[in-house]
>>> print(open('entry_37.cif').read())   # mmCIF, N, CA and C atoms and all ligand atoms
data_final
loop_
_atom_site.label_atom_id
_atom_site.label_comp_id
_atom_site.auth_asym_id
_atom_site.auth_seq_id
_atom_site.Cartn_x
_atom_site.Cartn_y
_atom_site.Cartn_z
N MET A 1 -24.33 49.12 -10.45
CA MET A 1 -23.43 50.25 -10.40
C MET A 1 -23.33 50.86 -11.80
N LEU A 2 -23.22 52.20 -11.81
CA LEU A 2 -22.96 52.88 -13.08
C LEU A 2 -21.67 53.68 -12.94
N ILE A 3 -20.80 53.59 -13.93
CA ILE A 3 -19.68 54.53 -14.00
C ILE A 3 -20.19 55.71 -14.82
N LYS A 4 -20.23 56.88 -14.18
CA LYS A 4 -20.87 58.05 -14.78
C LYS A 4 -19.97 58.65 -15.89
N PRO A 5 -20.53 59.59 -16.67
CA PRO A 5 -19.76 60.15 -17.80
C PRO A 5 -18.40 60.72 -17.41
N ASP A 6 -18.28 61.28 -16.20
CA ASP A 6 -16.96 61.82 -15.80
C ASP A 6 -15.95 60.71 -15.61
N GLY A 7 -16.41 59.56 -15.09
CA GLY A 7 -15.51 58.42 -14.88
C GLY A 7 -15.01 57.85 -16.20
N VAL A 8 -15.93 57.80 -17.19
CA VAL A 8 -15.53 57.29 -18.51
C VAL A 8 -14.58 58.28 -19.18
N GLU A 9 -14.98 59.58 -19.17
CA GLU A 9 -14.18 60.63 -19.82
C GLU A 9 -12.76 60.69 -19.24
N ARG A 10 -12.66 60.51 -17.93
CA ARG A 10 -11.35 60.63 -17.28
C ARG A 10 -10.58 59.30 -17.25
N ARG A 11 -11.10 58.31 -18.00
CA ARG A 11 -10.42 57.01 -18.17
C ARG A 11 -10.23 56.29 -16.84
N LEU A 12 -11.30 56.30 -16.03
CA LEU A 12 -11.23 55.66 -14.72
C LEU A 12 -11.95 54.31 -14.69
N ILE A 13 -12.42 53.84 -15.85
CA ILE A 13 -13.19 52.58 -15.86
C ILE A 13 -12.37 51.45 -15.22
N GLY A 14 -11.14 51.30 -15.66
CA GLY A 14 -10.28 50.22 -15.16
C GLY A 14 -10.04 50.33 -13.66
N LYS A 15 -9.75 51.52 -13.20
CA LYS A 15 -9.46 51.72 -11.77
C LYS A 15 -10.69 51.41 -10.92
N VAL A 16 -11.85 51.85 -11.39
CA VAL A 16 -13.08 51.59 -10.63
C VAL A 16 -13.33 50.09 -10.57
N ILE A 17 -13.23 49.42 -11.72
CA ILE A 17 -13.50 47.98 -11.75
C ILE A 17 -12.48 47.22 -10.90
N GLU A 18 -11.24 47.65 -10.92
CA GLU A 18 -10.22 46.98 -10.09
C GLU A 18 -10.61 47.04 -8.61
N ARG A 19 -11.07 48.19 -8.17
CA ARG A 19 -11.46 48.31 -6.75
C ARG A 19 -12.66 47.43 -6.41
N VAL A 20 -13.60 47.40 -7.36
CA VAL A 20 -14.82 46.62 -7.14
C VAL A 20 -14.47 45.13 -7.07
N GLU A 21 -13.65 44.66 -7.99
CA GLU A 21 -13.28 43.24 -8.00
C GLU A 21 -12.41 42.90 -6.79
N ASP A 22 -11.48 43.79 -6.45
CA ASP A 22 -10.62 43.55 -5.29
C ASP A 22 -11.45 43.46 -4.00
N ALA A 23 -12.59 44.13 -3.98
CA ALA A 23 -13.44 44.11 -2.78
C ALA A 23 -14.33 42.86 -2.75
N GLY A 24 -14.18 41.98 -3.73
CA GLY A 24 -14.88 40.70 -3.67
C GLY A 24 -16.16 40.60 -4.49
N PHE A 25 -16.44 41.64 -5.28
CA PHE A 25 -17.64 41.58 -6.12
C PHE A 25 -17.34 40.78 -7.39
N ARG A 26 -18.38 40.08 -7.86
CA ARG A 26 -18.29 39.38 -9.14
C ARG A 26 -19.10 40.17 -10.16
N ILE A 27 -18.49 40.42 -11.33
CA ILE A 27 -19.22 41.12 -12.38
C ILE A 27 -20.08 40.11 -13.12
N VAL A 28 -21.39 40.32 -13.08
CA VAL A 28 -22.35 39.41 -13.70
C VAL A 28 -22.69 39.88 -15.11
N ALA A 29 -22.76 41.19 -15.30
CA ALA A 29 -23.03 41.77 -16.62
C ALA A 29 -22.44 43.16 -16.66
N MET A 30 -22.07 43.60 -17.87
CA MET A 30 -21.46 44.92 -18.02
C MET A 30 -21.83 45.45 -19.41
N HIS A 31 -22.10 46.75 -19.48
CA HIS A 31 -22.63 47.30 -20.73
C HIS A 31 -22.36 48.79 -20.79
N MET A 32 -21.86 49.27 -21.93
CA MET A 32 -21.59 50.69 -22.12
C MET A 32 -22.64 51.29 -23.04
N GLU A 33 -23.10 52.48 -22.70
CA GLU A 33 -24.19 53.09 -23.47
C GLU A 33 -24.20 54.60 -23.25
N HIS A 34 -24.59 55.33 -24.30
CA HIS A 34 -24.84 56.77 -24.13
C HIS A 34 -26.33 56.90 -23.85
N LEU A 35 -26.68 57.26 -22.62
CA LEU A 35 -28.09 57.27 -22.21
C LEU A 35 -28.90 58.30 -23.00
N THR A 36 -30.14 57.96 -23.28
CA THR A 36 -31.08 58.96 -23.79
C THR A 36 -31.57 59.78 -22.59
N ARG A 37 -32.12 60.94 -22.88
CA ARG A 37 -32.69 61.77 -21.79
C ARG A 37 -33.77 61.00 -21.04
N LYS A 38 -34.60 60.28 -21.80
CA LYS A 38 -35.70 59.54 -21.18
C LYS A 38 -35.17 58.51 -20.17
N LYS A 39 -34.12 57.77 -20.58
CA LYS A 39 -33.57 56.75 -19.67
C LYS A 39 -32.94 57.38 -18.43
N ALA A 40 -32.20 58.50 -18.66
CA ALA A 40 -31.55 59.16 -17.52
C ALA A 40 -32.61 59.67 -16.54
N GLU A 41 -33.70 60.20 -17.08
CA GLU A 41 -34.78 60.69 -16.21
C GLU A 41 -35.43 59.55 -15.45
N GLU A 42 -35.57 58.41 -16.13
CA GLU A 42 -36.15 57.24 -15.46
C GLU A 42 -35.24 56.74 -14.34
N LEU A 43 -33.94 56.67 -14.64
CA LEU A 43 -32.99 56.19 -13.64
C LEU A 43 -33.05 57.05 -12.38
N TYR A 44 -33.16 58.35 -12.56
CA TYR A 44 -33.15 59.26 -11.41
C TYR A 44 -34.55 59.75 -11.05
N ALA A 45 -35.56 58.98 -11.48
CA ALA A 45 -36.95 59.38 -11.20
C ALA A 45 -37.21 59.73 -9.73
N PRO A 46 -36.59 59.01 -8.77
CA PRO A 46 -36.85 59.37 -7.37
C PRO A 46 -36.42 60.81 -7.03
N HIS A 47 -35.58 61.42 -7.87
CA HIS A 47 -35.10 62.80 -7.60
C HIS A 47 -35.85 63.85 -8.42
N ARG A 48 -36.82 63.41 -9.21
CA ARG A 48 -37.59 64.36 -10.04
C ARG A 48 -38.18 65.46 -9.15
N GLY A 49 -38.06 66.70 -9.60
CA GLY A 49 -38.63 67.80 -8.81
C GLY A 49 -37.59 68.50 -7.94
N LYS A 50 -36.46 67.83 -7.67
CA LYS A 50 -35.42 68.48 -6.86
C LYS A 50 -34.66 69.50 -7.70
N ASP A 51 -34.04 70.47 -7.05
CA ASP A 51 -33.41 71.56 -7.82
C ASP A 51 -32.23 71.07 -8.65
N PHE A 52 -31.60 69.97 -8.25
CA PHE A 52 -30.43 69.50 -9.02
C PHE A 52 -30.81 68.50 -10.12
N PHE A 53 -32.11 68.17 -10.24
CA PHE A 53 -32.52 67.09 -11.16
C PHE A 53 -32.14 67.38 -12.62
N GLU A 54 -32.48 68.57 -13.12
CA GLU A 54 -32.20 68.88 -14.52
C GLU A 54 -30.70 68.81 -14.83
N GLY A 55 -29.90 69.41 -13.94
CA GLY A 55 -28.45 69.41 -14.11
C GLY A 55 -27.89 68.00 -14.06
N LEU A 56 -28.46 67.19 -13.19
CA LEU A 56 -28.02 65.80 -13.06
C LEU A 56 -28.30 65.04 -14.35
N VAL A 57 -29.50 65.22 -14.90
CA VAL A 57 -29.86 64.53 -16.14
C VAL A 57 -28.96 65.00 -17.29
N GLU A 58 -28.77 66.30 -17.41
CA GLU A 58 -27.88 66.84 -18.46
C GLU A 58 -26.50 66.21 -18.36
N PHE A 59 -25.98 66.12 -17.16
CA PHE A 59 -24.66 65.53 -16.95
C PHE A 59 -24.65 64.05 -17.34
N MET A 60 -25.70 63.33 -16.96
CA MET A 60 -25.73 61.89 -17.22
C MET A 60 -25.85 61.56 -18.70
N ILE A 61 -26.30 62.54 -19.52
CA ILE A 61 -26.38 62.30 -20.97
C ILE A 61 -25.24 63.01 -21.72
N SER A 62 -24.25 63.50 -20.97
CA SER A 62 -23.16 64.26 -21.61
C SER A 62 -22.11 63.34 -22.24
N GLY A 63 -22.19 62.05 -21.97
CA GLY A 63 -21.24 61.09 -22.54
C GLY A 63 -21.67 59.69 -22.13
N PRO A 64 -20.99 58.67 -22.64
CA PRO A 64 -21.39 57.30 -22.31
C PRO A 64 -21.18 56.95 -20.84
N VAL A 65 -21.94 55.98 -20.38
CA VAL A 65 -21.79 55.43 -19.03
C VAL A 65 -21.56 53.93 -19.14
N VAL A 66 -21.01 53.33 -18.11
CA VAL A 66 -20.84 51.88 -18.06
C VAL A 66 -21.67 51.35 -16.89
N GLY A 67 -22.59 50.43 -17.19
CA GLY A 67 -23.41 49.83 -16.13
C GLY A 67 -22.88 48.44 -15.80
N LEU A 68 -22.87 48.09 -14.53
CA LEU A 68 -22.43 46.77 -14.11
C LEU A 68 -23.46 46.16 -13.17
N ILE A 69 -23.76 44.88 -13.40
CA ILE A 69 -24.53 44.12 -12.42
C ILE A 69 -23.51 43.36 -11.60
N LEU A 70 -23.54 43.57 -10.28
CA LEU A 70 -22.53 43.00 -9.40
C LEU A 70 -23.19 42.06 -8.40
N GLU A 71 -22.42 41.03 -8.02
CA GLU A 71 -22.95 40.03 -7.10
C GLU A 71 -22.00 39.86 -5.93
N LYS A 72 -22.57 39.77 -4.74
CA LYS A 72 -21.78 39.57 -3.52
C LYS A 72 -22.76 39.46 -2.37
N GLU A 73 -22.40 38.78 -1.31
CA GLU A 73 -23.18 38.86 -0.07
C GLU A 73 -23.18 40.31 0.38
N ASN A 74 -24.30 40.80 0.82
CA ASN A 74 -24.38 42.16 1.37
C ASN A 74 -23.91 43.22 0.36
N ALA A 75 -24.22 42.97 -0.91
CA ALA A 75 -23.64 43.78 -2.00
C ALA A 75 -24.00 45.26 -1.90
N ILE A 76 -25.26 45.57 -1.62
CA ILE A 76 -25.69 46.98 -1.65
C ILE A 76 -24.90 47.79 -0.62
N GLU A 77 -24.91 47.29 0.61
CA GLU A 77 -24.24 48.03 1.69
C GLU A 77 -22.73 48.10 1.45
N ASP A 78 -22.14 46.98 1.05
CA ASP A 78 -20.68 46.96 0.86
C ASP A 78 -20.26 47.87 -0.30
N LEU A 79 -21.07 47.91 -1.36
CA LEU A 79 -20.72 48.77 -2.49
C LEU A 79 -20.86 50.25 -2.11
N ARG A 80 -21.92 50.57 -1.38
CA ARG A 80 -22.12 51.97 -0.94
C ARG A 80 -20.92 52.41 -0.08
N ARG A 81 -20.41 51.49 0.75
CA ARG A 81 -19.26 51.83 1.59
C ARG A 81 -18.00 52.03 0.73
N LEU A 82 -17.82 51.16 -0.26
CA LEU A 82 -16.66 51.26 -1.16
C LEU A 82 -16.71 52.56 -1.98
N VAL A 83 -17.92 52.98 -2.34
CA VAL A 83 -18.12 54.18 -3.18
C VAL A 83 -17.95 55.45 -2.36
N GLY A 84 -18.46 55.47 -1.15
CA GLY A 84 -18.32 56.65 -0.28
C GLY A 84 -19.47 57.63 -0.42
N LYS A 85 -19.43 58.65 0.40
CA LYS A 85 -20.52 59.63 0.45
C LYS A 85 -20.69 60.35 -0.89
N THR A 86 -21.91 60.86 -1.12
CA THR A 86 -22.27 61.53 -2.38
C THR A 86 -21.29 62.64 -2.74
N ASP A 87 -20.94 63.46 -1.75
CA ASP A 87 -20.01 64.58 -1.97
C ASP A 87 -18.57 64.09 -1.74
N PRO A 88 -17.75 64.05 -2.80
CA PRO A 88 -16.37 63.54 -2.64
C PRO A 88 -15.60 64.23 -1.51
N ALA A 89 -15.92 65.51 -1.26
CA ALA A 89 -15.21 66.25 -0.22
C ALA A 89 -15.54 65.71 1.18
N ARG A 90 -16.67 65.00 1.28
CA ARG A 90 -17.09 64.45 2.57
C ARG A 90 -16.89 62.94 2.66
N ALA A 91 -16.46 62.34 1.55
CA ALA A 91 -16.29 60.88 1.53
C ALA A 91 -15.00 60.48 2.24
N ASP A 92 -15.01 59.30 2.85
CA ASP A 92 -13.82 58.82 3.57
C ASP A 92 -12.65 58.57 2.61
N VAL A 93 -11.45 58.79 3.11
CA VAL A 93 -10.23 58.48 2.35
C VAL A 93 -10.26 56.99 1.96
N GLY A 94 -9.89 56.71 0.72
CA GLY A 94 -9.85 55.32 0.27
C GLY A 94 -11.12 54.89 -0.45
N THR A 95 -12.17 55.72 -0.38
CA THR A 95 -13.38 55.40 -1.15
C THR A 95 -13.20 55.89 -2.59
N ILE A 96 -14.00 55.32 -3.49
CA ILE A 96 -13.89 55.68 -4.91
C ILE A 96 -14.16 57.17 -5.09
N ARG A 97 -15.20 57.66 -4.44
CA ARG A 97 -15.54 59.08 -4.64
C ARG A 97 -14.51 60.02 -4.01
N HIS A 98 -13.98 59.66 -2.84
CA HIS A 98 -12.94 60.51 -2.25
C HIS A 98 -11.72 60.56 -3.16
N ASP A 99 -11.32 59.39 -3.64
CA ASP A 99 -10.04 59.29 -4.35
C ASP A 99 -10.12 59.81 -5.79
N PHE A 100 -11.31 59.72 -6.41
CA PHE A 100 -11.41 60.09 -7.83
C PHE A 100 -12.42 61.21 -8.10
N GLY A 101 -13.34 61.47 -7.21
CA GLY A 101 -14.43 62.42 -7.47
C GLY A 101 -13.96 63.86 -7.50
N MET A 102 -14.66 64.68 -8.30
CA MET A 102 -14.30 66.09 -8.45
C MET A 102 -15.32 67.00 -7.76
N SER A 103 -16.58 66.58 -7.70
CA SER A 103 -17.64 67.42 -7.14
C SER A 103 -18.85 66.54 -6.87
N ILE A 104 -19.86 67.13 -6.23
CA ILE A 104 -21.06 66.34 -5.93
C ILE A 104 -21.71 65.81 -7.21
N ARG A 105 -21.60 66.56 -8.30
CA ARG A 105 -22.13 66.06 -9.58
C ARG A 105 -21.14 65.10 -10.22
N LYS A 106 -19.90 65.51 -10.32
CA LYS A 106 -18.88 64.65 -10.95
C LYS A 106 -18.27 63.74 -9.89
N ASN A 107 -19.10 62.79 -9.44
CA ASN A 107 -18.64 61.90 -8.37
C ASN A 107 -18.42 60.46 -8.86
N VAL A 108 -18.17 60.33 -10.17
CA VAL A 108 -17.60 59.12 -10.80
C VAL A 108 -18.55 57.92 -10.94
N VAL A 109 -19.29 57.62 -9.89
CA VAL A 109 -20.11 56.40 -9.94
C VAL A 109 -21.48 56.60 -9.29
N HIS A 110 -22.39 55.75 -9.70
CA HIS A 110 -23.68 55.59 -9.03
C HIS A 110 -23.73 54.19 -8.46
N ALA A 111 -24.24 54.04 -7.24
CA ALA A 111 -24.44 52.72 -6.66
C ALA A 111 -25.87 52.63 -6.14
N SER A 112 -26.57 51.57 -6.52
CA SER A 112 -27.97 51.42 -6.09
C SER A 112 -28.07 51.44 -4.57
N ASP A 113 -29.13 52.07 -4.06
CA ASP A 113 -29.22 52.22 -2.60
C ASP A 113 -30.16 51.23 -1.93
N SER A 114 -30.78 50.33 -2.70
CA SER A 114 -31.63 49.29 -2.11
C SER A 114 -31.82 48.19 -3.16
N PRO A 115 -32.19 46.98 -2.71
CA PRO A 115 -32.46 45.91 -3.68
C PRO A 115 -33.57 46.31 -4.65
N GLU A 116 -34.56 47.04 -4.16
CA GLU A 116 -35.69 47.46 -5.02
C GLU A 116 -35.18 48.41 -6.11
N ASN A 117 -34.35 49.37 -5.73
CA ASN A 117 -33.82 50.31 -6.73
C ASN A 117 -32.84 49.62 -7.67
N ALA A 118 -32.07 48.66 -7.16
CA ALA A 118 -31.15 47.91 -8.04
C ALA A 118 -31.97 47.21 -9.12
N SER A 119 -33.03 46.58 -8.72
CA SER A 119 -33.88 45.85 -9.66
C SER A 119 -34.53 46.81 -10.66
N ARG A 120 -35.00 47.95 -10.18
CA ARG A 120 -35.61 48.97 -11.04
C ARG A 120 -34.59 49.50 -12.06
N GLU A 121 -33.39 49.78 -11.58
CA GLU A 121 -32.35 50.35 -12.46
C GLU A 121 -31.87 49.33 -13.49
N ILE A 122 -31.75 48.06 -13.07
CA ILE A 122 -31.32 47.02 -14.00
C ILE A 122 -32.34 46.88 -15.13
N LYS A 123 -33.61 46.97 -14.80
CA LYS A 123 -34.67 46.88 -15.83
C LYS A 123 -34.54 48.01 -16.85
N ILE A 124 -34.13 49.20 -16.40
CA ILE A 124 -34.01 50.35 -17.30
C ILE A 124 -32.78 50.18 -18.20
N PHE A 125 -31.70 49.67 -17.63
CA PHE A 125 -30.41 49.73 -18.32
C PHE A 125 -30.04 48.47 -19.09
N PHE A 126 -30.51 47.30 -18.63
CA PHE A 126 -30.06 46.04 -19.23
C PHE A 126 -31.15 45.35 -20.04
N GLU A 127 -30.72 44.42 -20.85
CA GLU A 127 -31.64 43.64 -21.67
C GLU A 127 -32.57 42.80 -20.79
N GLU A 128 -33.62 42.38 -21.42
CA GLU A 128 -34.67 41.59 -20.76
C GLU A 128 -34.11 40.40 -19.95
N LYS A 129 -33.07 39.74 -20.51
CA LYS A 129 -32.60 38.49 -19.87
C LYS A 129 -32.08 38.69 -18.45
N TRP A 130 -31.71 39.93 -18.08
CA TRP A 130 -31.19 40.14 -16.74
C TRP A 130 -32.25 40.59 -15.76
N THR A 131 -33.47 40.75 -16.23
CA THR A 131 -34.45 41.44 -15.40
C THR A 131 -35.46 40.54 -14.71
N GLU A 132 -35.33 39.20 -14.88
CA GLU A 132 -36.32 38.35 -14.22
C GLU A 132 -36.08 38.30 -12.71
P1 LIG A 201 -26.00 58.88 -4.24
O1 LIG A 201 -26.94 57.74 -3.96
O2 LIG A 201 -24.89 58.99 -3.26
O3 LIG A 201 -25.53 58.91 -5.67
O4 LIG A 201 -26.84 60.22 -4.01
P2 LIG A 201 -28.35 60.60 -4.33
O5 LIG A 201 -29.17 59.40 -4.74
O6 LIG A 201 -28.85 61.42 -3.17
O7 LIG A 201 -28.22 61.61 -5.57
C1 LIG A 201 -28.02 61.11 -6.86
C2 LIG A 201 -26.97 61.96 -7.53
O8 LIG A 201 -27.46 63.28 -7.67
C3 LIG A 201 -25.67 62.11 -6.74
O9 LIG A 201 -24.76 61.09 -7.00
C4 LIG A 201 -25.16 63.45 -7.19
O10 LIG A 201 -24.38 63.33 -8.37
C5 LIG A 201 -26.42 64.22 -7.48
N1 LIG A 201 -26.77 65.06 -6.34
C6 LIG A 201 -27.30 64.70 -5.16
N2 LIG A 201 -27.49 65.78 -4.34
C7 LIG A 201 -27.05 66.83 -5.05
C8 LIG A 201 -26.98 68.24 -4.77
O11 LIG A 201 -27.34 68.71 -3.70
N3 LIG A 201 -26.47 69.01 -5.76
C9 LIG A 201 -26.07 68.51 -6.96
N4 LIG A 201 -25.58 69.34 -7.88
N5 LIG A 201 -26.11 67.20 -7.25
C10 LIG A 201 -26.60 66.36 -6.31
#
>>> encode(input="entry_37.cif", output="structure tokens")
Amino acid sequence: MLIKPDGVERRLIGKVIERVEDAGFRIVAMHMEHLTRKKAEELYAPHRGKDFFEGLVEFMISGPVVGLILEKENAIEDLRRLVGKTDPARADVGTIRHDFGMSIRKNVVHASDSPENASREIKIFFEEKWTE
């Protein structure tokens, strides 16, 4: 999971982590960083070529982000449910994006959508020791 620049700027780190921990996730690693353009482009490589890609990358490098490696049974699906739909206006009440998100771009968090992407994203964001 990544807490995006809007989440950090709006001082939502604590609230997001509280929800994640309350939902039964264990934080395995956590790291704050101001992404380079190259890293942001790599993280969102599957979206390269889409009309929102450039704007998304610009936003992701507009301030620091917090990355978390989380552990739980059924973690990917359960986290996606906790986070809610991409567009906060369409996300269910009680989800992180519904409750805190401002727009489809400023939607507070990123959650990996598959084990393969989680592994790919962890390799980009975290030190070698977490990537085996
Ligand atoms: P997610 O897995 O729910 O984060 O959604 P996606 O993987 O489809 O998109 C990645 C991120 O790109 C989203 O979290 C949005 O911030 C952004 N995004 C996706 N679709 C759009 C769009 O149509 N317009 C804009 N401006 N941003 C988008």
>>> closest_residue(input="entry_37.cif", among="A:Gly14, A:Gly84, A:Gly24, A:Pro64", to="ligand LIG 201 (chain A)", atoms="only N, CA and C atoms and all ligand atoms")
A:Gly84
>>> closest_residue(input="entry_37.cif", among="A:Phe100, A:Phe125, A:Phe25, A:Phe53", to="ligand LIG 201 (chain A)", atoms="only N, CA and C atoms and all ligand atoms")
A:Phe53
>>> axis_aligned_box(input="entry_37.cif", around="ligand LIG 201 (chain A)", padding_each_side="8 Å", output="lines of an AutoDock Vina configuration file")
center_x = -26.8
center_y = 63.5
center_z = -5.8
size_x = 20.8
size_y = 27.6
size_z = 21.2
>>> residues_near_ligand(input="entry_37.cif", ligand="ligand LIG 201 (chain A)", cutoff="6.5 Å", atoms="all atoms listed in the file", output="list in words")
Phe52, Leu56, Gly84, Lys85, Thr86, Asp87, Ile104, Arg105, Lys106, Asn107, Val109, His110, Ala111, Ser112 and Asp113 of chain A
>>> residues_around(input="entry_37.cif", residues="A:Lys39", least_positions_apart="3", cutoff="8 Å", atoms="only C-alpha atoms", output="PyMOL selection string")
chain A and resi 35-36+42-43+124-125
>>> residues_around(input="entry_37.cif", residues="A:Val66", least_positions_apart="5", cutoff="5 Å", atoms="all atoms listed in the file", output="PyMOL selection string")
chain A and resi 2-3+31-32
>>> atom_distance(input="entry_37.cif", atom1="atom CA of A:Leu82", atom2="atom CA of A:Arg26")
14.4 Å
>>> select_by_dssp(input="entry_37.cif", residues="chain A", states="strand (DSSP E)", output="list in words")
Leu2, Ile3, Arg26, Ile27, Val28, Ala29, Met30, His31, Met32, Glu33, Val65, Val66, Gly67, Leu68, Ile69, Leu70, Glu71, Val109 and His110 of chain A
>>> closest_residue(input="entry_37.cif", among="A:Val57, A:Lys50, A:Gly63, A:Met30", to="A:Glu9", atoms="all atoms listed in the file")
A:Gly63
>>> closest_residue(input="entry_37.cif", among="A:Ala75, A:Met60, A:Val83, A:Val65", to="A:Val16", atoms="only C-alpha atoms")
A:Val83
>>> select_by_dssp(input="entry_37.cif", residues="chain A", states="alpha helix (DSSP H)", output="PyMOL selection string")
chain A and resi 5-9+13-22+37-43+53-60+75-83+96-100+115-125
>>> closest_residue(input="entry_37.cif", among="A:Gly67, A:Asp51, A:Val93, A:Glu128", to="A:Glu33", atoms="all atoms listed in the file")
A:Gly67
>>> atom_distance(input="entry_37.cif", atom1="atom N of A:Ser62", atom2="atom C of A:Leu79")
23.3 Å
>>> atom_distance(input="entry_37.cif", atom1="atom CA of A:Glu71", atom2="atom CA of A:Val108")
20.2 Å
>>> closest_residue(input="entry_37.cif", among="A:Ile76, A:Met102, A:Asn117, A:Glu127", to="A:Pro88", atoms="only N, CA and C atoms")
A:Met102
>>> build_atoms(input="entry_37.cif", residues="stretch 42-54 of chain A", atoms="N, CA, C and O atoms", output="PDB file, keeping the file's coordinate frame")
ATOM      1  N   GLU A  42     -35.570  58.410 -16.130  1.00  0.00           N
ATOM      2  CA  GLU A  42     -36.150  57.240 -15.460  1.00  0.00           C
ATOM      3  C   GLU A  42     -35.240  56.740 -14.340  1.00  0.00           C
ATOM      4  O   GLU A  42     -35.686  56.427 -13.243  1.00  0.00           O
ATOM      5  N   LEU A  43     -33.940  56.670 -14.640  1.00  0.00           N
ATOM      6  CA  LEU A  43     -32.990  56.190 -13.640  1.00  0.00           C
ATOM      7  C   LEU A  43     -33.050  57.050 -12.380  1.00  0.00           C
ATOM      8  O   LEU A  43     -32.984  56.537 -11.260  1.00  0.00           O
ATOM      9  N   TYR A  44     -33.160  58.350 -12.560  1.00  0.00           N
ATOM     10  CA  TYR A  44     -33.150  59.260 -11.410  1.00  0.00           C
ATOM     11  C   TYR A  44     -34.550  59.750 -11.050  1.00  0.00           C
ATOM     12  O   TYR A  44     -34.683  60.768 -10.364  1.00  0.00           O
ATOM     13  N   ALA A  45     -35.560  58.980 -11.480  1.00  0.00           N
ATOM     14  CA  ALA A  45     -36.950  59.380 -11.200  1.00  0.00           C
ATOM     15  C   ALA A  45     -37.210  59.730  -9.730  1.00  0.00           C
ATOM     16  O   ALA A  45     -37.942  60.678  -9.460  1.00  0.00           O
ATOM     17  N   PRO A  46     -36.590  59.010  -8.770  1.00  0.00           N
ATOM     18  CA  PRO A  46     -36.850  59.370  -7.370  1.00  0.00           C
ATOM     19  C   PRO A  46     -36.420  60.810  -7.030  1.00  0.00           C
ATOM     20  O   PRO A  46     -36.871  61.350  -6.025  1.00  0.00           O
ATOM     21  N   HIS A  47     -35.580  61.420  -7.870  1.00  0.00           N
ATOM     22  CA  HIS A  47     -35.100  62.800  -7.600  1.00  0.00           C
ATOM     23  C   HIS A  47     -35.850  63.850  -8.420  1.00  0.00           C
ATOM     24  O   HIS A  47     -35.525  65.035  -8.345  1.00  0.00           O
ATOM     25  N   ARG A  48     -36.820  63.410  -9.210  1.00  0.00           N
ATOM     26  CA  ARG A  48     -37.590  64.360 -10.040  1.00  0.00           C
ATOM     27  C   ARG A  48     -38.180  65.460  -9.150  1.00  0.00           C
ATOM     28  O   ARG A  48     -38.673  65.175  -8.059  1.00  0.00           O
ATOM     29  N   GLY A  49     -38.060  66.700  -9.600  1.00  0.00           N
ATOM     30  CA  GLY A  49     -38.630  67.800  -8.810  1.00  0.00           C
ATOM     31  C   GLY A  49     -37.590  68.500  -7.940  1.00  0.00           C
ATOM     32  O   GLY A  49     -37.807  69.625  -7.501  1.00  0.00           O
ATOM     33  N   LYS A  50     -36.460  67.830  -7.670  1.00  0.00           N
ATOM     34  CA  LYS A  50     -35.420  68.480  -6.860  1.00  0.00           C
ATOM     35  C   LYS A  50     -34.660  69.500  -7.700  1.00  0.00           C
ATOM     36  O   LYS A  50     -34.610  69.384  -8.928  1.00  0.00           O
ATOM     37  N   ASP A  51     -34.040  70.470  -7.050  1.00  0.00           N
ATOM     38  CA  ASP A  51     -33.410  71.560  -7.820  1.00  0.00           C
ATOM     39  C   ASP A  51     -32.230  71.070  -8.650  1.00  0.00           C
ATOM     40  O   ASP A  51     -31.908  71.672  -9.673  1.00  0.00           O
ATOM     41  N   PHE A  52     -31.600  69.970  -8.250  1.00  0.00           N
ATOM     42  CA  PHE A  52     -30.430  69.500  -9.020  1.00  0.00           C
ATOM     43  C   PHE A  52     -30.810  68.500 -10.120  1.00  0.00           C
ATOM     44  O   PHE A  52     -29.941  68.035 -10.850  1.00  0.00           O
ATOM     45  N   PHE A  53     -32.110  68.170 -10.240  1.00  0.00           N
ATOM     46  CA  PHE A  53     -32.520  67.090 -11.160  1.00  0.00           C
ATOM     47  C   PHE A  53     -32.140  67.380 -12.620  1.00  0.00           C
ATOM     48  O   PHE A  53     -31.520  66.530 -13.270  1.00  0.00           O
ATOM     49  N   GLU A  54     -32.480  68.570 -13.120  1.00  0.00           N
ATOM     50  CA  GLU A  54     -32.200  68.880 -14.520  1.00  0.00           C
ATOM     51  C   GLU A  54     -30.700  68.810 -14.830  1.00  0.00           C
ATOM     52  O   GLU A  54     -30.269  68.258 -15.823  1.00  0.00           O
TER      53      GLU A  54
END
